[in-house]
Structure formats: structure tokens, C-alpha cells
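Here's upload31.cif, which has mmCIF, C-alpha atoms:
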data_entry
#
loop_
_atom_site.label_atom_id
_atom_site.label_comp_id
_atom_site.auth_asym_id
_atom_site.auth_seq_id
_atom_site.Cartn_x
_atom_site.Cartn_y
_atom_site.Cartn_z
CA MET A 1 -8.93 -48.20 -17.60
CA LYS A 2 -8.66 -50.17 -14.41
CA ASN A 3 -6.22 -47.61 -13.01
CA LEU A 4 -8.56 -44.78 -13.98
CA ILE A 5 -11.41 -46.37 -12.08
CA LEU A 6 -9.21 -46.97 -9.06
CA ILE A 7 -8.01 -43.36 -9.11
CA SER A 8 -11.59 -42.09 -9.38
CA ILE A 9 -12.72 -44.24 -6.46
CA PHE A 10 -9.73 -43.09 -4.46
CA GLY A 11 -10.58 -39.44 -5.23
CA ILE A 12 -14.20 -39.88 -4.15
CA LEU A 13 -13.13 -41.59 -0.93
CA LEU A 14 -10.65 -38.82 -0.17
CA ASN A 15 -13.28 -36.18 -0.79
CA SER A 16 -15.73 -37.97 1.44
CA CYS A 17 -13.10 -38.30 4.17
CA THR A 18 -12.42 -34.58 3.94
CA LEU A 19 -16.09 -33.79 4.38
CA ILE A 20 -16.40 -36.20 7.25
CA PHE A 21 -13.37 -34.65 8.91
CA PHE A 22 -14.73 -31.11 8.45
CA ASN A 23 -18.15 -32.08 9.75
CA SER A 24 -16.66 -33.78 12.74
CA LYS A 25 -14.35 -30.88 13.55
CA ASN A 26 -17.15 -28.33 13.42
CA ASN A 27 -19.79 -30.63 14.86
CA VAL A 28 -22.15 -29.97 11.97
CA HIS A 29 -24.79 -31.97 10.19
CA LYS A 30 -26.09 -31.68 6.69
CA VAL A 31 -29.15 -29.49 6.16
CA THR A 32 -31.32 -28.49 3.25
CA LEU A 33 -29.55 -25.96 1.08
CA PRO A 34 -31.33 -22.62 1.59
CA VAL A 35 -32.14 -20.38 -1.36
CA LYS A 36 -29.24 -18.04 -0.97
CA ASN A 37 -26.70 -16.23 -3.05
CA ILE A 38 -23.50 -14.80 -1.71
CA ASN A 39 -24.02 -11.31 -0.33
CA SER A 40 -21.26 -9.32 -1.90
CA TYR A 41 -19.10 -6.83 -0.06
CA PHE A 42 -17.74 -3.61 -1.62
CA THR A 43 -20.66 -3.33 -4.01
CA ASN A 44 -21.26 0.41 -3.87
CA SER A 45 -19.64 1.62 -7.09
CA ASP A 46 -20.18 5.28 -6.18
CA SER A 47 -17.55 5.20 -3.50
CA ALA A 48 -14.25 3.53 -2.71
CA TYR A 49 -13.38 1.61 0.43
CA LEU A 50 -10.17 2.51 2.24
CA TYR A 51 -8.38 0.13 4.59
CA GLN A 52 -5.26 0.40 6.67
CA THR A 53 -3.52 -2.80 5.60
CA GLU A 54 -0.75 -5.00 6.91
CA ILE A 55 0.63 -7.90 4.90
CA ARG A 56 3.08 -10.22 6.59
CA PHE A 57 4.81 -12.66 4.27
CA MET A 58 7.65 -14.73 5.72
CA LYS A 59 10.01 -12.12 7.19
CA ASN A 60 8.61 -9.30 5.06
CA TYR A 61 6.14 -6.76 6.29
CA TYR A 62 4.23 -4.40 4.05
CA SER A 63 1.96 -1.75 5.49
CA GLY A 64 -0.07 0.93 3.85
CA LEU A 65 -3.49 1.78 2.50
CA MET A 66 -5.64 -0.51 0.39
CA VAL A 67 -8.19 1.13 -1.87
CA ILE A 68 -11.02 -1.14 -3.03
CA LYS A 69 -13.24 0.14 -5.80
CA SER A 70 -16.06 -1.67 -7.50
CA GLN A 71 -15.64 -1.21 -11.25
CA SER A 72 -18.70 -3.24 -12.19
CA ASP A 73 -20.80 -6.09 -10.83
CA SER A 74 -17.98 -8.52 -11.27
CA VAL A 75 -14.74 -6.52 -11.18
CA LYS A 76 -13.03 -4.96 -8.19
CA ARG A 77 -9.95 -2.82 -8.45
CA MET A 78 -7.54 -3.02 -5.54
CA VAL A 79 -4.69 -0.55 -5.17
CA PHE A 80 -2.19 -0.86 -2.34
CA ILE A 81 -0.01 2.15 -1.53
CA THR A 82 2.49 2.79 1.25
CA GLU A 83 1.84 5.48 3.82
CA MET A 84 4.10 7.76 1.77
CA GLY A 85 2.04 7.23 -1.36
CA ILE A 86 4.28 4.76 -3.18
CA LYS A 87 2.20 2.27 -5.11
CA ILE A 88 2.87 -1.39 -4.24
CA PHE A 89 0.33 -2.95 -6.57
CA ASP A 90 -2.74 -2.19 -8.65
CA ILE A 91 -4.81 -5.26 -9.51
CA GLU A 92 -8.23 -5.79 -11.05
CA ILE A 93 -9.92 -8.92 -9.76
CA LYS A 94 -12.97 -10.91 -10.68
CA ASN A 95 -14.41 -13.80 -8.75
CA PRO A 96 -11.73 -16.55 -8.94
CA LEU A 97 -14.35 -19.23 -8.45
CA ILE A 98 -16.15 -18.58 -11.71
CA ASN A 99 -13.57 -16.93 -13.96
CA LYS A 100 -10.63 -18.67 -15.50
CA LYS A 101 -8.71 -15.45 -16.06
CA TYR A 102 -9.68 -13.62 -12.93
CA TYR A 103 -7.03 -10.97 -12.43
CA THR A 104 -5.20 -8.26 -14.35
CA VAL A 105 -2.09 -6.67 -12.90
CA ASN A 106 -1.90 -3.00 -13.80
CA TYR A 107 1.21 -2.51 -11.68
CA ILE A 108 3.24 -4.36 -9.03
CA ILE A 109 6.62 -3.64 -7.48
CA GLU A 110 9.41 -5.87 -8.63
CA PRO A 111 9.99 -7.81 -5.38
CA MET A 112 6.38 -9.03 -5.59
CA SER A 113 6.22 -9.60 -9.31
CA ARG A 114 7.00 -13.32 -9.34
CA LYS A 115 4.13 -15.32 -10.81
CA MET A 116 3.54 -17.45 -7.73
CA ILE A 117 3.34 -14.39 -5.46
CA VAL A 118 0.99 -12.57 -7.82
CA LYS A 119 -1.27 -15.59 -8.11
CA THR A 120 -1.42 -16.10 -4.34
CA LEU A 121 -2.17 -12.42 -3.85
CA ALA A 122 -4.89 -12.46 -6.51
CA ASN A 123 -6.43 -15.61 -5.03
CA ASP A 124 -6.50 -14.11 -1.55
CA LEU A 125 -7.82 -10.72 -2.57
CA GLY A 126 -10.25 -12.41 -4.91
CA MET A 127 -11.85 -14.11 -1.93
CA LEU A 128 -12.85 -10.64 -0.73
CA CYS A 129 -14.52 -9.91 -4.05
CA GLN A 130 -17.36 -12.38 -4.29
CA ASN A 131 -20.67 -11.72 -5.96
CA GLY A 132 -24.02 -13.35 -6.18
CA ASN A 133 -23.27 -15.43 -9.26
CA VAL A 134 -21.65 -18.26 -7.35
CA LYS A 135 -23.94 -21.15 -6.39
CA PHE A 136 -23.63 -23.18 -3.22
CA ILE A 137 -23.76 -26.95 -3.62
CA ASP A 138 -24.66 -28.06 -0.11
CA ALA A 139 -25.15 -26.81 3.42
CA TYR A 140 -24.26 -27.80 6.95
CA ALA A 141 -25.18 -26.40 10.33
CA ASN A 142 -24.57 -26.61 14.05
CA ASP A 143 -26.31 -24.79 16.89
CA GLU A 144 -24.64 -21.47 16.13
CA LYS A 145 -23.73 -21.32 12.48
CA THR A 146 -24.63 -22.32 8.97
CA PHE A 147 -21.92 -23.44 6.55
CA LEU A 148 -22.65 -23.11 2.84
CA ARG A 149 -20.21 -24.86 0.54
CA ILE A 150 -18.83 -24.18 -2.91
CA LYS A 151 -16.53 -26.65 -4.57
CA ASN A 152 -13.95 -25.52 -7.09
CA HIS A 153 -11.45 -28.02 -8.48
CA CYS A 154 -9.92 -29.72 -5.44
CA LYS A 155 -10.93 -27.10 -2.90
CA SER A 156 -14.01 -26.53 -0.80
CA TYR A 157 -15.03 -23.04 0.24
CA TYR A 158 -17.26 -22.80 3.31
CA TYR A 159 -19.15 -19.55 3.74
CA ILE A 160 -20.14 -19.29 7.36
CA TYR A 161 -23.19 -17.38 8.55
CA GLY A 162 -24.20 -16.74 12.13
CA MET A 163 -27.76 -17.69 12.94
CA ASN A 164 -30.21 -15.29 11.29
CA GLU A 165 -27.44 -13.23 9.77
CA LYS A 166 -27.65 -11.96 6.22
CA ASN A 167 -23.91 -11.65 5.62
CA TYR A 168 -21.27 -14.32 5.93
CA ASN A 169 -18.65 -13.52 8.54
CA GLU A 170 -16.10 -16.17 7.73
CA ILE A 171 -14.76 -18.17 4.79
CA ILE A 172 -12.78 -21.36 5.30
CA VAL A 173 -10.85 -22.76 2.36
CA ASN A 174 -10.07 -26.46 2.55
CA SER A 175 -8.04 -28.62 0.23
CA MET A 176 -8.62 -32.34 0.11
CA PHE A 177 -6.32 -32.86 3.05
CA LYS A 178 -6.39 -29.79 5.25
CA GLN A 179 -7.51 -26.26 5.91
CA LYS A 180 -5.68 -23.87 3.62
CA SER A 181 -6.85 -20.48 4.79
CA ASP A 182 -9.38 -18.68 6.93
CA ILE A 183 -10.89 -15.25 6.38
CA ASN A 184 -12.83 -13.44 9.09
CA PHE A 185 -15.02 -10.39 8.46
CA PHE A 186 -15.98 -8.13 11.36
CA GLU A 187 -18.69 -5.49 11.83
CA VAL A 188 -20.28 -5.03 8.43
CA ASN A 189 -21.47 -1.49 7.68
CA ASN A 190 -22.57 -0.04 4.38
CA PHE A 191 -21.74 -3.14 2.30
CA ALA A 192 -18.27 -3.54 3.79
CA PRO A 193 -16.66 -5.02 6.89
CA ASP A 194 -14.91 -2.69 9.32
CA SER A 195 -12.06 -5.14 9.56
CA ILE A 196 -10.89 -8.34 7.86
CA LYS A 197 -8.29 -10.90 8.85
CA LEU A 198 -6.98 -13.44 6.35
CA LYS A 199 -4.68 -16.15 7.54
CA HIS A 200 -2.98 -18.96 5.64
CA ASN A 201 -2.35 -22.27 7.33
CA GLY A 202 0.97 -23.84 6.51
CA LEU A 203 2.20 -20.70 4.73
CA ASN A 204 3.55 -17.74 6.64
CA LEU A 205 1.22 -15.22 5.03
CA ASN A 206 -1.34 -13.08 6.84
CA TYR A 207 -3.35 -9.98 6.03
CA VAL A 208 -5.10 -7.52 8.31
CA PHE A 209 -7.42 -4.81 6.97
CA ARG A 210 -8.89 -2.02 9.14
CA ARG A 211 -11.36 0.32 7.57
CA ILE A 212 -10.64 4.02 7.42
CA LYS A 213 -13.39 6.52 6.83
CA GLN A 214 -12.27 9.73 5.17
CA MET B 1 18.46 -3.11 -5.49
CA ASN B 2 17.98 0.03 -7.52
CA ILE B 3 16.98 3.61 -7.25
CA LYS B 4 13.44 2.85 -8.27
CA ASN B 5 12.36 1.88 -4.74
CA ILE B 6 13.35 5.21 -3.30
CA PHE B 7 10.89 7.01 -1.02
CA ILE B 8 10.25 10.63 -1.41
CA LEU B 9 11.91 13.12 0.68
CA PHE B 10 11.90 15.98 2.95
CA PHE B 11 12.90 19.48 2.29
CA VAL B 12 13.40 22.75 3.84
CA ILE B 13 9.96 24.09 4.24
CA ALA B 14 7.68 26.51 2.63
CA SER B 15 6.51 29.83 3.80
CA ASN B 16 2.83 30.32 4.52
CA THR B 17 2.39 32.16 1.28
CA ALA B 18 -0.11 30.62 -1.08
CA HIS B 19 1.52 29.13 -4.11
CA SER B 20 1.10 31.05 -7.31
CA GLN B 21 -0.53 29.14 -10.09
CA SER B 22 0.62 31.57 -12.80
CA THR B 23 2.48 30.15 -15.77
CA PHE B 24 6.01 28.88 -15.39
CA THR B 25 8.59 29.94 -17.94
CA GLN B 26 12.08 28.67 -18.60
CA MET B 27 14.46 29.70 -15.79
CA LYS B 28 16.83 32.39 -16.99
CA ASN B 29 19.88 31.37 -15.00
CA TYR B 30 19.67 27.93 -13.45
CA ASP B 31 23.36 27.77 -12.51
CA GLU B 32 22.85 30.80 -10.32
CA PHE B 33 19.73 29.20 -8.87
CA LYS B 34 21.62 26.00 -8.01
CA LEU B 35 24.40 28.01 -6.40
CA LYS B 36 22.00 30.06 -4.29
CA LEU B 37 20.11 26.92 -3.31
CA LYS B 38 23.31 25.33 -2.12
CA GLU B 39 24.19 28.44 -0.12
CA ALA B 40 20.75 28.50 1.47
CA THR B 41 20.92 24.88 2.55
CA LYS B 42 24.40 25.43 4.00
CA THR B 43 22.98 27.92 6.47
CA THR B 44 20.04 25.70 7.40
CA ASN B 45 20.95 23.42 10.30
CA SER B 46 17.47 22.24 11.19
CA VAL B 47 13.91 22.30 9.95
CA GLU B 48 10.57 21.67 11.59
CA SER B 49 7.29 21.81 9.72
CA ASP B 50 3.80 20.50 9.22
CA PHE B 51 2.92 18.75 6.00
CA THR B 52 -0.12 17.60 4.07
CA GLN B 53 0.10 14.75 1.59
CA ASN B 54 -2.52 14.22 -1.11
CA LYS B 55 -2.52 10.92 -2.97
CA ASN B 56 -4.44 11.23 -6.24
CA LEU B 57 -5.58 7.99 -7.85
CA SER B 58 -7.55 7.91 -11.10
CA ILE B 59 -10.05 5.49 -9.55
CA LEU B 60 -10.89 7.94 -6.77
CA ALA B 61 -12.99 11.08 -7.01
CA LYS B 62 -11.08 12.68 -4.13
CA PRO B 63 -7.46 12.34 -3.01
CA ILE B 64 -6.41 10.37 0.04
CA ILE B 65 -5.24 12.96 2.54
CA SER B 66 -2.52 12.34 5.12
CA LYS B 67 -1.05 14.83 7.56
CA GLY B 68 1.85 15.01 9.92
CA LYS B 69 5.02 16.70 11.07
CA PHE B 70 8.54 16.67 9.78
CA TRP B 71 11.90 17.36 11.42
CA TYR B 72 15.34 17.57 9.90
CA LYS B 73 18.69 18.15 11.61
CA LYS B 74 22.11 18.27 10.02
CA GLU B 75 23.70 16.22 8.82
CA LYS B 76 21.56 13.19 8.33
CA GLN B 77 18.70 13.10 10.81
CA VAL B 78 15.13 13.07 9.62
CA ARG B 79 11.84 12.34 11.40
CA TRP B 80 8.70 11.98 9.32
CA GLU B 81 5.69 11.52 11.59
CA TYR B 82 2.25 10.85 10.12
CA THR B 83 -0.67 11.63 12.42
CA GLU B 84 -3.59 11.22 10.01
CA PRO B 85 -5.24 9.01 8.94
CA TYR B 86 -3.25 7.00 11.49
CA LEU B 87 0.08 7.09 13.29
CA TYR B 88 3.10 6.11 11.21
CA LEU B 89 6.71 7.03 11.83
CA ILE B 90 9.92 7.04 9.78
CA VAL B 91 13.20 8.05 11.39
CA ILE B 92 16.50 8.28 9.57
CA LYS B 93 19.65 8.73 11.60
CA ASP B 94 23.17 8.30 10.30
CA SER B 95 23.06 5.11 8.28
CA LYS B 96 19.95 3.64 9.85
CA LEU B 97 16.27 3.74 8.90
CA PHE B 98 13.51 3.03 11.42
CA ILE B 99 9.84 2.48 10.59
CA LYS B 100 7.06 2.16 13.15
CA ASP B 101 3.30 1.85 13.08
CA LYS B 102 0.75 0.76 15.67
CA ASN B 103 1.53 -2.94 15.33
CA ASN B 104 5.04 -3.23 14.04
CA GLN B 105 8.46 -1.63 14.07
CA LYS B 106 11.59 -2.42 12.13
CA GLN B 107 15.07 -1.05 11.76
CA TYR B 108 17.18 -1.21 8.62
CA ASP B 109 20.88 -0.60 8.18
CA THR B 110 21.32 1.40 5.01
CA GLN B 111 24.98 0.48 4.69
CA SER B 112 24.22 -3.20 4.29
CA ASN B 113 21.11 -2.62 2.23
CA LYS B 114 21.65 -0.95 -1.13
CA MET B 115 18.02 0.07 -1.55
CA PHE B 116 17.96 1.95 1.72
CA GLN B 117 21.35 3.46 1.08
CA GLN B 118 20.07 4.90 -2.16
CA LEU B 119 16.96 6.08 -0.35
CA ASN B 120 19.08 7.78 2.27
CA ASP B 121 21.31 9.42 -0.35
CA PHE B 122 18.29 10.56 -2.30
CA LEU B 123 16.65 12.08 0.76
CA ILE B 124 19.72 13.95 1.84
CA GLY B 125 20.40 15.02 -1.73
CA CYS B 126 17.04 16.68 -1.88
CA ILE B 127 17.49 18.39 1.45
CA ASN B 128 20.87 19.86 0.52
CA GLY B 129 20.06 20.44 -3.13
CA GLU B 130 22.65 17.98 -4.40
CA ILE B 131 19.92 16.07 -6.22
CA LEU B 132 19.84 18.84 -8.77
CA ASN B 133 23.41 17.95 -9.75
CA ASN B 134 22.49 14.32 -10.37
CA THR B 135 22.37 14.48 -14.13
CA LYS B 136 23.43 10.86 -14.25
CA ASP B 137 20.05 9.61 -12.99
CA PHE B 138 17.77 12.48 -14.03
CA ASP B 139 17.10 14.88 -16.84
CA LEU B 140 16.31 18.26 -15.31
CA THR B 141 14.26 21.17 -16.51
CA PHE B 142 14.31 24.49 -14.67
CA LYS B 143 11.39 26.90 -14.68
CA GLU B 144 10.12 29.82 -12.65
CA ASN B 145 7.33 32.29 -12.12
CA GLU B 146 7.23 35.38 -9.94
CA LEU B 147 7.05 33.42 -6.69
CA LEU B 148 8.52 30.00 -7.27
CA TYR B 149 11.34 28.08 -8.87
CA TYR B 150 10.15 24.82 -10.34
CA VAL B 151 12.42 21.90 -11.24
CA VAL B 152 11.23 18.84 -13.15
CA LEU B 153 13.29 15.67 -12.72
CA ILE B 154 12.72 12.93 -15.29
CA PRO B 155 14.27 9.59 -14.25
CA LYS B 156 16.73 8.06 -16.69
CA VAL B 157 17.09 4.69 -15.04
CA GLN B 158 14.56 2.25 -16.49
CA LYS B 159 13.52 0.68 -13.22
CA MET B 160 12.80 4.02 -11.63
CA LYS B 161 10.93 5.13 -14.72
CA GLN B 162 8.60 2.19 -14.21
CA MET B 163 7.64 3.66 -10.87
CA LEU B 164 7.77 7.41 -11.51
CA SER B 165 7.51 9.32 -14.75
CA GLU B 166 8.63 12.58 -13.14
CA ILE B 167 9.28 14.42 -9.89
CA ASN B 168 8.41 18.10 -9.53
CA ILE B 169 10.02 20.26 -6.87
CA TYR B 170 8.82 23.77 -6.11
CA PHE B 171 11.18 26.18 -4.31
CA ASP B 172 10.08 29.42 -2.68
CA LYS B 173 11.97 32.33 -4.19
CA LYS B 174 12.17 34.14 -0.85
CA ASP B 175 14.34 31.61 0.91
CA TYR B 176 14.96 28.75 -1.57
CA SER B 177 13.00 26.40 0.63
CA VAL B 178 10.93 23.61 -0.88
CA SER B 179 7.25 24.42 -0.70
CA LYS B 180 5.84 21.48 -2.62
CA LEU B 181 6.84 18.15 -4.01
CA LYS B 182 4.92 16.22 -6.63
CA MET B 183 5.65 12.65 -7.69
CA VAL B 184 3.92 11.53 -10.86
CA GLU B 185 3.56 7.84 -11.70
CA GLN B 186 3.35 6.20 -15.07
CA GLY B 187 -0.35 6.18 -15.81
CA GLY B 188 -0.96 9.56 -14.23
CA ASP B 189 -1.56 8.87 -10.54
CA TYR B 190 0.41 11.28 -8.38
CA THR B 191 1.33 12.30 -4.84
CA VAL B 192 1.65 15.91 -3.70
CA ILE B 193 3.32 16.89 -0.43
CA GLU B 194 3.03 20.46 0.78
CA PHE B 195 4.88 21.97 3.71
CA PHE B 196 3.51 24.52 6.19
CA ASN B 197 4.44 26.42 9.35
CA LYS B 198 8.14 26.08 8.92
CA LYS B 199 10.69 26.78 11.62
CA LEU B 200 14.26 27.01 10.42
CA ASN B 201 17.22 26.52 12.69
CA ALA B 202 15.10 25.89 15.78
CA ASN B 203 16.71 23.89 18.55
CA ILE B 204 15.67 20.26 17.95
CA SER B 205 16.79 17.72 20.53
CA ASP B 206 18.66 14.67 19.28
CA GLU B 207 16.08 12.62 21.17
CA LYS B 208 13.59 13.48 18.46
CA PHE B 209 15.55 11.13 16.18
CA ASN B 210 15.69 8.21 18.57
CA PHE B 211 14.21 4.94 17.39
CA ASN B 212 11.10 4.74 19.54
#
Would you put the structure from the file into C-alpha cells?
Amino acid sequence: MKNLILISIFGILLNSCTLIFFNSKNNVHKVTLPVKNINSYFTNSDSAYLYQTEIRFMKNYYSGLMVIKSQSDSVKRMVFITEMGIKIFDIEIKNPLINKKYYTVNYIIEPMSRKMIVKTLANDLGMLCQNGNVKFIDAYANDEKTFLRIKNHCKSYYYIYGMNEKNYNEIIVNSMFKQKSDINFFEVNNFAPDSIKLKHNGLNLNYVFRRIKQ
Amino acid sequence: MNIKNIFILFFVIASNTAHSQSTFTQMKNYDEFKLKLKEATKTTNSVESDFTQNKNLSILAKPIISKGKFWYKKEKQVRWEYTEPYLYLIVIKDSKLFIKDKNNQKQYDTQSNKMFQQLNDFLIGCINGEILNNTKDFDLTFKENELLYYVVLIPKVQKMKQMLSEINIYFDKKDYSVSKLKMVEQGGDYTVIEFFNKKLNANISDEKFNFN
């Protein structure tokens, strides 16, 4: 019992330190949480979104076309094919922040089929597939940006909005101890960004998406 | 690595004739067809053509269209240059494979990489018709109509079957050149590559197959 209390106190202190560190790094202060839901991207179910995609993982490089299709309010289907039409993966993803089982793999090539790789991929792509059902828990701001936070297990997700902007243009994912990944969205048109960059810190894994209009 | 990761290949090109969609019936004499195909590819030293690639996914109402140019020179030189929707290049020369896009380029040695060796063999086998003798890895069905020969290859190897349920090759009866290639995946998605504006035995500089 004593140990449990000590562990709990330690956890709370760590969490507080993480927040303090983040606030200090970004020079932000706490503000009143605005009434705001996440503005979803890729919501138009009548059309699909096509991106030229590069995935760099360690020494491996995969390039091709990513097709993103909204199947319903909560499910996005993401199909990655090489330039020559060979399918690399076909995954259906829900919001990982509110669904325990948030992805279904319809197909994936064998070199990428290991559980850890699939889970990392689904987590990363899932961050592109948010919807309005996720609730922010607190908010921070500096002179240029507003940071709205979601907490899920041991991670904090900061959705970053420029001043007076409707759509978030960045997501920072922090663990208790450090920044895990950073996703930047550029030039939003017709419910989708024209380009996206996702970078992991501490893991040699990066994605670049550039929208193609056909 | 296994045959399943093989890319699809390049053939001697089609004429400008529209493809007939009339019914295909069982080929009467497929040994003769294979022999004549082999003879035709023996006399073809180089190929240059345009191509259009349509990727059909069940989740899309329309196919994804890519376009480009293709060059082949005996014995083992291939250049596959995509121009739409963006620039992408594959060059095969001797035992090396080179891939380049706007932001990255990489070279592979097929002799030290089994996957790429199989890819290389598969590509060349389709160009010279040898693929049709590969009954070890494929079950083949031969059909024809008044304009085209049509061969269906069903993979036997399990790992390739996971990727492709069948490959369809259409040969023009006039010159035994490949006019269309269709790769069908498990689940029904498929890729169709059609070849246009062919030039056979044109003088193609070796520089076309340099890695740059």
C-alpha cells in the first residue's frame, strides 16, 4: 500500500514535470479551454485523397502513392501502392485515441508484417485520421499559437493551432520524458492538407506526403 | 526472398490497333504460338514505347492513371520512366537495378539480392517469352480471339499467390508483341499496363540505360 502511494505520487510528479518542461520549452501559459472539437481531415467520403508518399525507416525507403478514403465518420482506409501498382499495405484505421482495437490490416507485404512495425504504422497513420469525438482536457497558448491537449495513457497529444485558425497545423506527441513525434500539416484545401510531414524523435522513421490531384 | 515481390515487366510493344473485346476461346495450338513468340523476340533487339498504367482499387470510383515511356535493349537493359503523375525512374542494366525519384535514388545489385535477381529474371523472361515455359512457378492457360493471343498465368508459389491471383498477358497476333498486361490481386484490385506507339529495333544509345 505504501509502495502504491509512493508510485502514484512519483507518477504525478513526473507528469507535472513533463508539463512544466513542455510549457517552458514552448513559452506557453495555461488558458481557458475553448469549446472546440478536432477538425477532421479527409472527411469527404465522396472522394479519395491521393498523396505521393515517402517512408524512410532505418535504411529502408518506400515510395509510392497513398490513397486515403473515408469509409465512415470514424474509419479511414489507407492503401499504399508503389509507382508500379504493387500494393504495400491496405489498412483500415479508426481514431487510436478512443478505440482499443483501432486498426484492421487487409493486406501488408511480408517485410512489414511484424507486429511492432504494423502497430507503429497504424499509430502514425491513425494520427492523420482524427475526428471530432476526441475531447481536449486543457489548453495552453503563447503569442502565436494555441496548444490543445489530449492525454491518453502515458502520452500527451498537443494539437497546435495558429492564431485565429480553424484547423490544427501540427500535432506533437510527448511521452512522460520526451517528445516522441511531430506531425506538420501544410496548406489545407478541401478538408485535406496539401502536404504532411511526420517525424519520429529517437526512431529513424519519417513520412512525407504530397497531395496529388487527378 | 521469394518470387512474390517481383515487379511487373516490360514487353515488346503493341500496335496502335484498338484491342478487340470479343470473346476469347481456347488456343488451338499453343506450342506453335510459343515457338513463334520465341522467334519474334529473337529478331527484336530493341523496343521503345509509350505506356499507360491504370491502377484499379475497389475503394476508388476511378483508376489511378500513370503514364510514361519504356525502352528495352538486348540483352538485359530496360528503362521504365514514369512522367505522370510525377517523375519516377527504374533502370535495369546487366545485374543492377536503379530506382530514382525526385528526392531519392538507390542502386541494387541483383546478384547479391535474391529478390531483385528473381525480379530481373522475371522481367527478362517476359520480354523474351521464356516466362511462358515456367510451368514450375505458374499454371498457364492459352486463349485467343481474332486479334490477340491471351495467356493467363496463375502463380503456384504460395507467397506470390498472396500478392497476385493471376497475371494476364495479351499478345498482338500481327507481330507477337505484348499489347497489354494485367495483374490481378487477391481481393480483386488490379493493374493494367497498355503499350502504345511502339518502335522496334530503333537505335537506342547505351546512355539511355545509365544510372542517372
Q: Tell me which residues the PyMOL selection byres ((chain B) within 7 of (chain A)) grabs here, as number ranges by chain.
A: B: 55, 60, 191
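Excluding B:Phe142 itself and same-chain residues fewer than 5 positions from it, the residues having an atom within 12 Å of it are Phe24, Thr25, Gln26, Met27, Lys28, Asn29, Tyr30, Asp31, Glu32, Phe33, Lys34, Leu132, Leu148, Tyr149, Tyr150, Val151, Val152, Leu153, Ile154, Asn168, Ile169, Tyr170 and Phe171 of chain B, counting all atoms listed in the file.
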Q: Tell me, in Å to one decimal, how far atom CA of A:Asn167 is from atom CA of A:Leu198.
A: 17.0 Å
(Q) To test your reading of the syntax: which residues would the PyMOL selection byres ((chain B and resi 69) around 8) return for the file shown? Reply as a PyMOL selection string. (A) chain B and resi 48-51+67-68+70-71+80-83
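The space between atom CA of A:Phe185 and atom CA of A:Lys197 spans 6.8 Å.
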